[in-house]
$ cat model-v6.csv   # CSV, N, CA and C atoms
chain,number,residue,atom,x,y,z
A,1,MET,N,122.3,62.0,134.8
A,1,MET,CA,121.3,63.0,135.2
A,1,MET,C,121.6,63.6,136.6
A,2,THR,N,122.2,62.8,137.4
A,2,THR,CA,122.6,63.3,138.7
A,2,THR,C,124.1,63.7,138.7
A,3,ILE,N,124.4,64.4,139.7
A,3,ILE,CA,125.8,64.8,139.9
A,3,ILE,C,126.2,64.4,141.3
A,4,LYS,N,127.5,64.3,141.5
A,4,LYS,CA,128.0,63.9,142.8
A,4,LYS,C,128.3,65.1,143.7
A,5,GLN,N,127.8,65.1,144.9
A,5,GLN,CA,128.0,66.1,145.9
A,5,GLN,C,128.8,65.6,147.1
A,6,LEU,N,129.7,66.3,147.6
A,6,LEU,CA,130.4,66.0,148.8
A,6,LEU,C,129.6,66.5,150.0
A,7,SER,N,129.4,65.6,151.0
A,7,SER,CA,128.9,66.0,152.3
A,7,SER,C,130.0,65.8,153.3
A,8,ILE,N,130.5,66.9,153.8
A,8,ILE,CA,131.6,66.9,154.7
A,8,ILE,C,131.1,67.3,156.1
A,9,PHE,N,131.4,66.4,157.0
A,9,PHE,CA,131.0,66.6,158.4
A,9,PHE,C,132.1,67.2,159.2
A,10,ILE,N,131.9,68.4,159.7
A,10,ILE,CA,133.0,69.2,160.3
A,10,ILE,C,132.5,69.7,161.7
A,11,GLU,N,133.4,69.6,162.6
A,11,GLU,CA,133.1,70.1,164.0
A,11,GLU,C,133.0,71.7,163.9
A,12,ASN,N,132.1,72.2,164.8
A,12,ASN,CA,132.0,73.6,164.9
A,12,ASN,C,133.0,74.2,165.9
A,13,LYS,N,134.2,74.2,165.3
A,13,LYS,CA,135.3,74.8,166.1
A,13,LYS,C,136.3,75.4,165.1
A,14,GLY,N,137.0,76.4,165.5
A,14,GLY,CA,138.0,77.2,164.7
A,14,GLY,C,138.9,76.3,163.9
A,15,GLY,N,139.1,76.6,162.6
A,15,GLY,CA,140.1,75.9,161.8
A,15,GLY,C,139.6,74.7,161.0
A,16,THR,N,138.5,74.1,161.4
A,16,THR,CA,138.1,72.9,160.7
A,16,THR,C,137.7,73.2,159.2
A,17,LEU,N,137.0,74.2,159.0
A,17,LEU,CA,136.6,74.6,157.6
A,17,LEU,C,137.8,74.9,156.8
A,18,ILE,N,138.7,75.7,157.4
A,18,ILE,CA,140.0,76.1,156.7
A,18,ILE,C,140.8,74.9,156.3
A,19,LYS,N,140.8,73.9,157.1
A,19,LYS,CA,141.6,72.6,156.8
A,19,LYS,C,141.0,72.0,155.5
A,20,VAL,N,139.7,71.9,155.4
A,20,VAL,CA,139.0,71.4,154.2
A,20,VAL,C,139.3,72.2,153.0
A,21,LEU,N,139.2,73.5,153.1
A,21,LEU,CA,139.4,74.4,152.0
A,21,LEU,C,140.8,74.4,151.5
A,22,ASP,N,141.8,74.3,152.5
A,22,ASP,CA,143.2,74.3,152.1
A,22,ASP,C,143.5,73.0,151.4
A,23,LEU,N,143.0,71.9,151.8
A,23,LEU,CA,143.3,70.6,151.2
A,23,LEU,C,142.8,70.6,149.7
A,24,LEU,N,141.6,71.1,149.5
A,24,LEU,CA,141.0,71.2,148.2
A,24,LEU,C,141.8,72.2,147.3
A,25,SER,N,142.2,73.3,147.9
A,25,SER,CA,142.9,74.3,147.1
A,25,SER,C,144.3,73.8,146.7
A,26,LYS,N,145.0,73.1,147.6
A,26,LYS,CA,146.3,72.6,147.3
A,26,LYS,C,146.3,71.5,146.2
A,27,ALA,N,145.1,70.8,146.1
A,27,ALA,CA,145.0,69.8,145.1
A,27,ALA,C,144.4,70.3,143.8
A,28,GLY,N,144.2,71.6,143.7
A,28,GLY,CA,143.7,72.2,142.5
A,28,GLY,C,142.2,72.0,142.2
A,29,ILE,N,141.5,71.6,143.3
A,29,ILE,CA,140.0,71.3,143.2
A,29,ILE,C,139.3,72.7,143.2
A,30,GLN,N,138.4,72.9,142.2
A,30,GLN,CA,137.6,74.1,142.2
A,30,GLN,C,136.3,73.8,142.9
A,31,ILE,N,135.9,74.7,143.8
A,31,ILE,CA,134.6,74.6,144.4
A,31,ILE,C,133.7,75.4,143.5
A,32,ILE,N,132.6,74.7,143.1
A,32,ILE,CA,131.6,75.4,142.2
A,32,ILE,C,130.5,76.0,143.0
A,33,ALA,N,130.0,75.3,144.1
A,33,ALA,CA,129.0,75.9,145.0
A,33,ALA,C,129.1,75.1,146.3
A,34,SER,N,128.6,75.7,147.3
A,34,SER,CA,128.6,75.1,148.6
A,34,SER,C,127.6,75.7,149.5
A,35,THR,N,127.3,74.9,150.6
A,35,THR,CA,126.3,75.4,151.6
A,35,THR,C,126.7,74.7,152.9
A,36,VAL,N,126.4,75.4,154.0
A,36,VAL,CA,126.6,74.8,155.3
A,36,VAL,C,125.3,74.7,156.1
A,37,ALA,N,125.0,73.6,156.6
A,37,ALA,CA,123.9,73.4,157.5
A,37,ALA,C,124.6,73.0,158.9
A,38,ASP,N,124.2,73.8,159.9
A,38,ASP,CA,125.0,73.5,161.2
A,38,ASP,C,124.0,73.3,162.3
A,39,THR,N,124.6,72.6,163.3
A,39,THR,CA,124.0,72.4,164.6
A,39,THR,C,124.9,72.9,165.6
A,40,LYS,N,124.6,72.7,166.9
A,40,LYS,CA,125.5,73.2,167.9
A,40,LYS,C,126.9,72.7,167.8
A,41,ASP,N,127.0,71.4,167.5
A,41,ASP,CA,128.3,70.7,167.6
A,41,ASP,C,129.1,70.5,166.3
A,42,TYR,N,128.3,70.4,165.2
A,42,TYR,CA,129.0,70.1,163.9
A,42,TYR,C,128.2,70.7,162.8
A,43,GLY,N,128.8,70.7,161.6
A,43,GLY,CA,128.1,71.2,160.4
A,43,GLY,C,128.2,70.2,159.3
A,44,ILE,N,127.3,70.3,158.4
A,44,ILE,CA,127.4,69.5,157.2
A,44,ILE,C,127.7,70.5,156.0
A,45,TYR,N,128.9,70.4,155.5
A,45,TYR,CA,129.3,71.3,154.4
A,45,TYR,C,129.1,70.6,153.1
A,46,ARG,N,128.1,71.0,152.4
A,46,ARG,CA,127.8,70.3,151.1
A,46,ARG,C,128.5,71.1,150.0
A,47,VAL,N,129.2,70.4,149.1
A,47,VAL,CA,130.1,71.0,148.2
A,47,VAL,C,129.9,70.3,146.8
A,48,LEU,N,129.9,71.2,145.8
A,48,LEU,CA,130.0,70.7,144.4
A,48,LEU,C,131.4,71.2,143.9
A,49,THR,N,132.1,70.2,143.3
A,49,THR,CA,133.4,70.6,142.8
A,49,THR,C,133.6,70.2,141.3
A,50,ASN,N,134.7,70.6,140.7
A,50,ASN,CA,135.0,70.2,139.4
A,50,ASN,C,135.5,68.7,139.3
A,51,ASP,N,135.8,68.1,140.4
A,51,ASP,CA,136.3,66.8,140.4
A,51,ASP,C,135.9,66.1,141.8
A,52,PRO,N,134.7,65.7,141.9
A,52,PRO,CA,134.2,65.2,143.2
A,52,PRO,C,134.9,63.9,143.6
A,53,ALA,N,135.2,63.0,142.7
A,53,ALA,CA,135.9,61.8,143.1
A,53,ALA,C,137.3,62.1,143.7
A,54,GLN,N,138.0,62.9,143.1
A,54,GLN,CA,139.4,63.3,143.6
A,54,GLN,C,139.3,64.0,144.9
A,55,ALA,N,138.3,64.9,145.0
A,55,ALA,CA,138.1,65.7,146.3
A,55,ALA,C,137.8,64.7,147.4
A,56,TYR,N,136.9,63.7,147.1
A,56,TYR,CA,136.5,62.7,148.1
A,56,TYR,C,137.8,62.0,148.6
A,57,LEU,N,138.6,61.5,147.7
A,57,LEU,CA,139.8,60.8,148.1
A,57,LEU,C,140.8,61.6,148.9
A,58,ILE,N,140.9,62.8,148.5
A,58,ILE,CA,141.9,63.7,149.3
A,58,ILE,C,141.4,64.0,150.7
A,59,LEU,N,140.1,64.2,150.8
A,59,LEU,CA,139.5,64.5,152.2
A,59,LEU,C,139.5,63.2,153.0
A,60,LYS,N,139.2,62.1,152.4
A,60,LYS,CA,139.1,60.8,153.1
A,60,LYS,C,140.5,60.4,153.6
A,61,ASP,N,141.5,60.6,152.8
A,61,ASP,CA,142.9,60.3,153.1
A,61,ASP,C,143.4,61.2,154.3
A,62,ALA,N,142.8,62.4,154.4
A,62,ALA,CA,143.2,63.3,155.5
A,62,ALA,C,142.4,63.0,156.8
A,63,GLY,N,141.6,62.0,156.8
A,63,GLY,CA,140.9,61.6,158.0
A,63,GLY,C,139.6,62.4,158.2
A,64,ILE,N,139.1,63.1,157.1
A,64,ILE,CA,137.9,63.9,157.3
A,64,ILE,C,136.7,63.0,156.9
A,65,ASN,N,135.7,63.1,157.7
A,65,ASN,CA,134.4,62.4,157.5
A,65,ASN,C,133.7,63.0,156.3
A,66,VAL,N,133.7,62.3,155.2
A,66,VAL,CA,133.1,62.8,153.9
A,66,VAL,C,132.3,61.7,153.2
A,67,GLN,N,131.2,62.1,152.6
A,67,GLN,CA,130.4,61.1,151.8
A,67,GLN,C,130.1,61.7,150.5
A,68,LEU,N,130.0,60.9,149.5
A,68,LEU,CA,129.5,61.3,148.1
A,68,LEU,C,128.1,60.9,148.0
A,69,SER,N,127.3,61.8,147.5
A,69,SER,CA,125.9,61.5,147.3
A,69,SER,C,125.4,62.0,145.9
A,70,ASP,N,124.4,61.4,145.4
A,70,ASP,CA,123.8,61.9,144.1
A,70,ASP,C,122.8,63.0,144.4
A,71,VAL,N,122.9,64.1,143.7
A,71,VAL,CA,121.9,65.1,143.7
A,71,VAL,C,121.6,65.6,142.3
A,72,PHE,N,120.5,66.3,142.2
A,72,PHE,CA,120.0,66.8,140.9
A,72,PHE,C,120.5,68.2,140.8
A,73,ALA,N,120.8,68.6,139.6
A,73,ALA,CA,121.2,70.0,139.3
A,73,ALA,C,120.4,70.5,138.1
A,74,LEU,N,119.3,71.2,138.3
A,74,LEU,CA,118.5,71.7,137.3
A,74,LEU,C,119.0,73.0,136.8
A,75,SER,N,119.0,73.2,135.5
A,75,SER,CA,119.4,74.4,134.8
A,75,SER,C,118.1,75.2,134.5
A,76,ILE,N,118.0,76.4,135.0
A,76,ILE,CA,116.8,77.2,134.7
A,76,ILE,C,117.2,78.6,134.3
A,77,ASP,N,116.3,79.3,133.5
A,77,ASP,CA,116.6,80.7,133.2
A,77,ASP,C,116.6,81.5,134.4
A,78,ASP,N,117.5,82.5,134.4
A,78,ASP,CA,117.7,83.4,135.5
A,78,ASP,C,116.6,84.5,135.5
A,79,GLN,N,115.4,84.1,135.8
A,79,GLN,CA,114.2,85.0,135.8
A,79,GLN,C,113.3,84.6,137.0
A,80,PRO,N,112.6,85.6,137.5
A,80,PRO,CA,111.7,85.4,138.6
A,80,PRO,C,110.7,84.3,138.3
A,81,GLY,N,110.5,83.4,139.2
A,81,GLY,CA,109.5,82.4,139.0
A,81,GLY,C,109.9,81.1,138.4
A,82,ARG,N,111.1,81.1,137.8
A,82,ARG,CA,111.6,79.8,137.1
A,82,ARG,C,111.9,78.7,138.1
A,83,ALA,N,112.5,79.1,139.3
A,83,ALA,CA,112.8,78.1,140.3
A,83,ALA,C,111.5,77.5,140.8
A,84,ALA,N,110.5,78.3,141.1
A,84,ALA,CA,109.2,77.8,141.6
A,84,ALA,C,108.6,76.9,140.6
A,85,GLU,N,108.6,77.2,139.3
A,85,GLU,CA,108.0,76.3,138.3
A,85,GLU,C,108.7,74.9,138.3
A,86,ALA,N,110.0,74.9,138.3
A,86,ALA,CA,110.8,73.7,138.2
A,86,ALA,C,110.5,72.8,139.5
A,87,ILE,N,110.5,73.4,140.6
A,87,ILE,CA,110.3,72.7,141.9
A,87,ILE,C,108.8,72.2,141.9
A,88,LYS,N,107.9,73.0,141.4
A,88,LYS,CA,106.5,72.6,141.4
A,88,LYS,C,106.3,71.3,140.6
A,89,GLN,N,107.0,71.3,139.4
A,89,GLN,CA,106.8,70.1,138.5
A,89,GLN,C,107.3,68.8,139.2
A,90,VAL,N,108.3,69.0,140.0
A,90,VAL,CA,108.9,67.8,140.7
A,90,VAL,C,108.0,67.4,142.0
A,91,SER,N,107.7,68.4,142.8
A,91,SER,CA,107.0,68.1,144.0
A,91,SER,C,105.5,67.8,143.9
A,92,GLU,N,104.9,68.3,142.8
A,92,GLU,CA,103.5,68.0,142.6
A,92,GLU,C,103.2,66.5,142.4
A,93,THR,N,104.2,65.7,142.1
A,93,THR,CA,104.0,64.3,141.9
A,93,THR,C,104.2,63.5,143.1
A,94,GLY,N,104.4,64.1,144.3
A,94,GLY,CA,104.7,63.4,145.5
A,94,GLY,C,106.1,63.2,145.9
A,95,VAL,N,107.0,63.7,145.1
A,95,VAL,CA,108.4,63.6,145.4
A,95,VAL,C,108.8,64.7,146.4
A,96,ASN,N,109.4,64.4,147.5
A,96,ASN,CA,109.8,65.4,148.5
A,96,ASN,C,111.2,65.8,148.2
A,97,ILE,N,111.4,67.1,148.4
A,97,ILE,CA,112.7,67.7,148.2
A,97,ILE,C,113.3,67.7,149.7
A,98,LEU,N,114.4,67.0,149.9
A,98,LEU,CA,115.0,66.9,151.2
A,98,LEU,C,115.8,68.1,151.6
A,99,TYR,N,116.5,68.7,150.6
A,99,TYR,CA,117.2,70.0,150.8
A,99,TYR,C,117.4,70.5,149.4
A,100,LEU,N,117.7,71.8,149.4
A,100,LEU,CA,117.9,72.5,148.1
A,100,LEU,C,118.8,73.7,148.3
A,101,TYR,N,119.6,74.0,147.4
A,101,TYR,CA,120.4,75.3,147.3
A,101,TYR,C,120.5,75.7,145.9
A,102,SER,N,120.9,76.9,145.6
A,102,SER,CA,120.9,77.4,144.3
A,102,SER,C,122.1,78.3,144.1
A,103,PHE,N,122.5,78.5,142.8
A,103,PHE,CA,123.6,79.4,142.5
A,103,PHE,C,123.4,79.7,141.0
A,104,LEU,N,124.2,80.7,140.5
A,104,LEU,CA,124.3,81.0,139.1
A,104,LEU,C,125.5,80.4,138.5
A,105,TRP,N,125.3,79.9,137.3
A,105,TRP,CA,126.4,79.2,136.6
A,105,TRP,C,126.3,79.5,135.1
A,106,GLN,N,127.2,80.3,134.5
A,106,GLN,CA,127.3,80.6,133.1
A,106,GLN,C,125.9,81.2,132.7
A,107,GLY,N,125.4,82.2,133.4
A,107,GLY,CA,124.2,82.9,133.1
A,107,GLY,C,122.9,82.2,133.3
A,108,LYS,N,123.0,81.0,133.9
A,108,LYS,CA,121.7,80.3,134.2
A,108,LYS,C,121.6,80.1,135.7
A,109,GLY,N,120.4,79.9,136.2
A,109,GLY,CA,120.2,79.5,137.6
A,109,GLY,C,120.4,78.0,137.7
A,110,VAL,N,120.9,77.6,138.8
A,110,VAL,CA,121.1,76.1,139.0
A,110,VAL,C,120.4,75.8,140.4
A,111,LEU,N,119.5,74.8,140.3
A,111,LEU,CA,118.9,74.4,141.6
A,111,LEU,C,119.4,73.0,141.9
A,112,VAL,N,120.1,72.9,143.0
A,112,VAL,CA,120.7,71.6,143.4
A,112,VAL,C,119.8,71.1,144.5
A,113,PHE,N,119.3,69.8,144.4
A,113,PHE,CA,118.5,69.2,145.4
A,113,PHE,C,118.6,67.7,145.5
A,114,ARG,N,118.2,67.2,146.6
A,114,ARG,CA,118.2,65.8,146.9
A,114,ARG,C,116.7,65.4,147.1
A,115,ALA,N,116.3,64.4,146.5
A,115,ALA,CA,114.9,64.0,146.5
A,115,ALA,C,114.8,62.6,147.3
A,116,ASP,N,113.6,62.4,147.9
A,116,ASP,CA,113.4,61.2,148.6
A,116,ASP,C,113.1,60.0,147.7
A,117,GLN,N,112.7,60.3,146.5
A,117,GLN,CA,112.5,59.3,145.4
A,117,GLN,C,113.3,59.6,144.2
A,118,GLY,N,114.5,59.2,144.2
A,118,GLY,CA,115.4,59.6,143.1
A,118,GLY,C,115.0,59.1,141.8
A,119,GLU,N,114.6,57.9,141.6
A,119,GLU,CA,114.2,57.4,140.3
A,119,GLU,C,112.9,58.1,139.8
A,120,LYS,N,112.0,58.3,140.7
A,120,LYS,CA,110.8,59.1,140.3
A,120,LYS,C,111.1,60.5,139.8
A,121,ALA,N,112.0,61.1,140.6
A,121,ALA,CA,112.4,62.5,140.2
A,121,ALA,C,113.1,62.5,138.8
A,122,LYS,N,113.9,61.5,138.5
A,122,LYS,CA,114.5,61.4,137.2
A,122,LYS,C,113.5,61.3,136.1
A,123,GLU,N,112.5,60.5,136.4
A,123,GLU,CA,111.4,60.3,135.4
A,123,GLU,C,110.7,61.6,135.1
A,124,ILE,N,110.4,62.3,136.2
A,124,ILE,CA,109.7,63.6,136.1
A,124,ILE,C,110.5,64.6,135.3
A,125,ILE,N,111.8,64.7,135.6
A,125,ILE,CA,112.7,65.6,134.9
A,125,ILE,C,112.7,65.3,133.4
A,126,MET,N,112.8,64.0,133.1
A,126,MET,CA,112.8,63.6,131.7
A,126,MET,C,111.5,63.9,131.0
A,127,LEU,N,110.4,63.5,131.6
A,127,LEU,CA,109.0,63.6,131.0
A,127,LEU,C,108.7,65.1,130.8
A,128,ASN,N,109.1,66.0,131.7
A,128,ASN,CA,108.8,67.4,131.6
A,128,ASN,C,109.9,68.2,130.8
A,129,LYS,N,110.9,67.4,130.4
A,129,LYS,CA,112.0,68.0,129.6
A,129,LYS,C,112.7,69.2,130.3
A,130,ILE,N,112.9,69.0,131.6
A,130,ILE,CA,113.6,70.0,132.5
A,130,ILE,C,115.1,69.9,132.2
A,131,ALA,N,115.7,71.0,131.9
A,131,ALA,CA,117.1,71.0,131.6
A,131,ALA,C,117.9,70.7,132.9
A,132,PHE,N,118.9,69.9,132.8
A,132,PHE,CA,119.8,69.5,133.9
A,132,PHE,C,121.2,69.6,133.5
A,133,LEU,N,122.1,69.6,134.6
A,133,LEU,CA,123.5,69.6,134.3
A,133,LEU,C,124.1,68.3,134.8
A,134,THR,N,125.2,68.0,134.2
A,134,THR,CA,126.0,66.8,134.5
A,134,THR,C,127.3,67.2,135.1
A,135,GLU,N,128.1,66.3,135.6
A,135,GLU,CA,129.4,66.6,136.1
A,135,GLU,C,130.3,67.2,135.0
A,136,ALA,N,130.1,66.7,133.8
A,136,ALA,CA,130.9,67.2,132.7
A,136,ALA,C,130.7,68.8,132.5
A,137,ASP,N,129.6,69.3,132.9
A,137,ASP,CA,129.3,70.7,132.7
A,137,ASP,C,130.1,71.5,133.7
A,138,PHE,N,130.7,70.9,134.7
A,138,PHE,CA,131.4,71.7,135.7
A,138,PHE,C,132.9,71.5,135.6
A,139,ARG,N,133.4,70.8,134.5
A,139,ARG,CA,134.8,70.6,134.4
A,139,ARG,C,135.4,71.6,133.5
$ encode --input "model-v6.csv" --output "structure tokens"
Amino acid sequence: MTIKQLSIFIENKGGTLIKVLDLLSKAGIQIIASTVADTKDYGIYRVLTNDPAQAYLILKDAGINVQLSDVFALSIDDQPGRAAEAIKQVSETGVNILYLYSFLWQGKGVLVFRADQGEKAKEIIMLNKIAFLTEADFR
């Protein structure tokens, strides 16, 4: 029900993002979606790929500070209000969304988020029959 996301810690200086992108490209790793949250000195580059385990090993071997984490990827109709409905179903139960980003995949909206109560979020998704994606959907 969850997928693996790479969280890559990169310095805010020229060339650091290119190094990550080049390593993944040369290994044939496809980036599905990504987002950057930055501070003055560094950024957190969150990435979904077609092969997160391989991407993790490649970056780790190159000395890049990277972590794998579990996130949810909800599949919603690409229509106004659908994201709000899905997030409302999760958050109304007291589950906090720590961060969220979205993208389109094969004609559907995808909401990627990390929750403070992962097990409770899983239960809510199952009980409400909210469509979700797995890593196999991105291969």
$ closest_residue --input "model-v6.csv" --among "A:Ala83, A:Met1, A:Ile124, A:Leu6" --to "Ser69 (chain A)" --atoms "only N, CA and C atoms"
A:Leu6
$ select_by_dssp --input "model-v6.csv" --residues "chain A" --states "strand (DSSP E)" --output "PyMOL selection string"
chain A and resi 2-11+31-38+42-49+65-77+97-105+108-115
$ residues_around --input "model-v6.csv" --residues "Leu111 (chain A)" --least-positions-apart "2" --cutoff "5 Å" --atoms "all atoms listed in the file" --output "NGL selection string"
:A and (73-74 or 101-102 or 109 or 113)
$ residues_around --input "model-v6.csv" --residues "Val47 (chain A)" --least-positions-apart "3" --cutoff "6 Å" --atoms "only C-alpha atoms" --output "list in words"
Gln5, Leu6, Ala33 and Ser34 of chain A
$ closest_residue --input "model-v6.csv" --among "A:Lys13, A:Tyr56, A:Ile18, A:Lys88" --to "Lys40 (chain A)" --atoms "all atoms listed in the file"
A:Lys13
$ atom_distance --input "model-v6.csv" --atom1 "CA of Thr134 (chain A)" --atom2 "CA of Thr2 (chain A)"
6.4 Å
$ select_by_dssp --input "model-v6.csv" --residues "chain A" --states "helix (DSSP H, G or I)" --output "PyMOL selection string"
chain A and resi 16-26+52-61+82-91+118-127+135-138
$ residues_around --input "model-v6.csv" --residues "region 125-127 of chain A" --least-positions-apart "2" --cutoff "10 Å" --atoms "only C-alpha atoms" --output "list in words"
Met1, Phe72, Leu74, Ala86, Gln89, Val90, Glu119, Lys120, Ala121, Lys122, Glu123, Lys129, Ile130, Ala131 and Phe132 of chain A
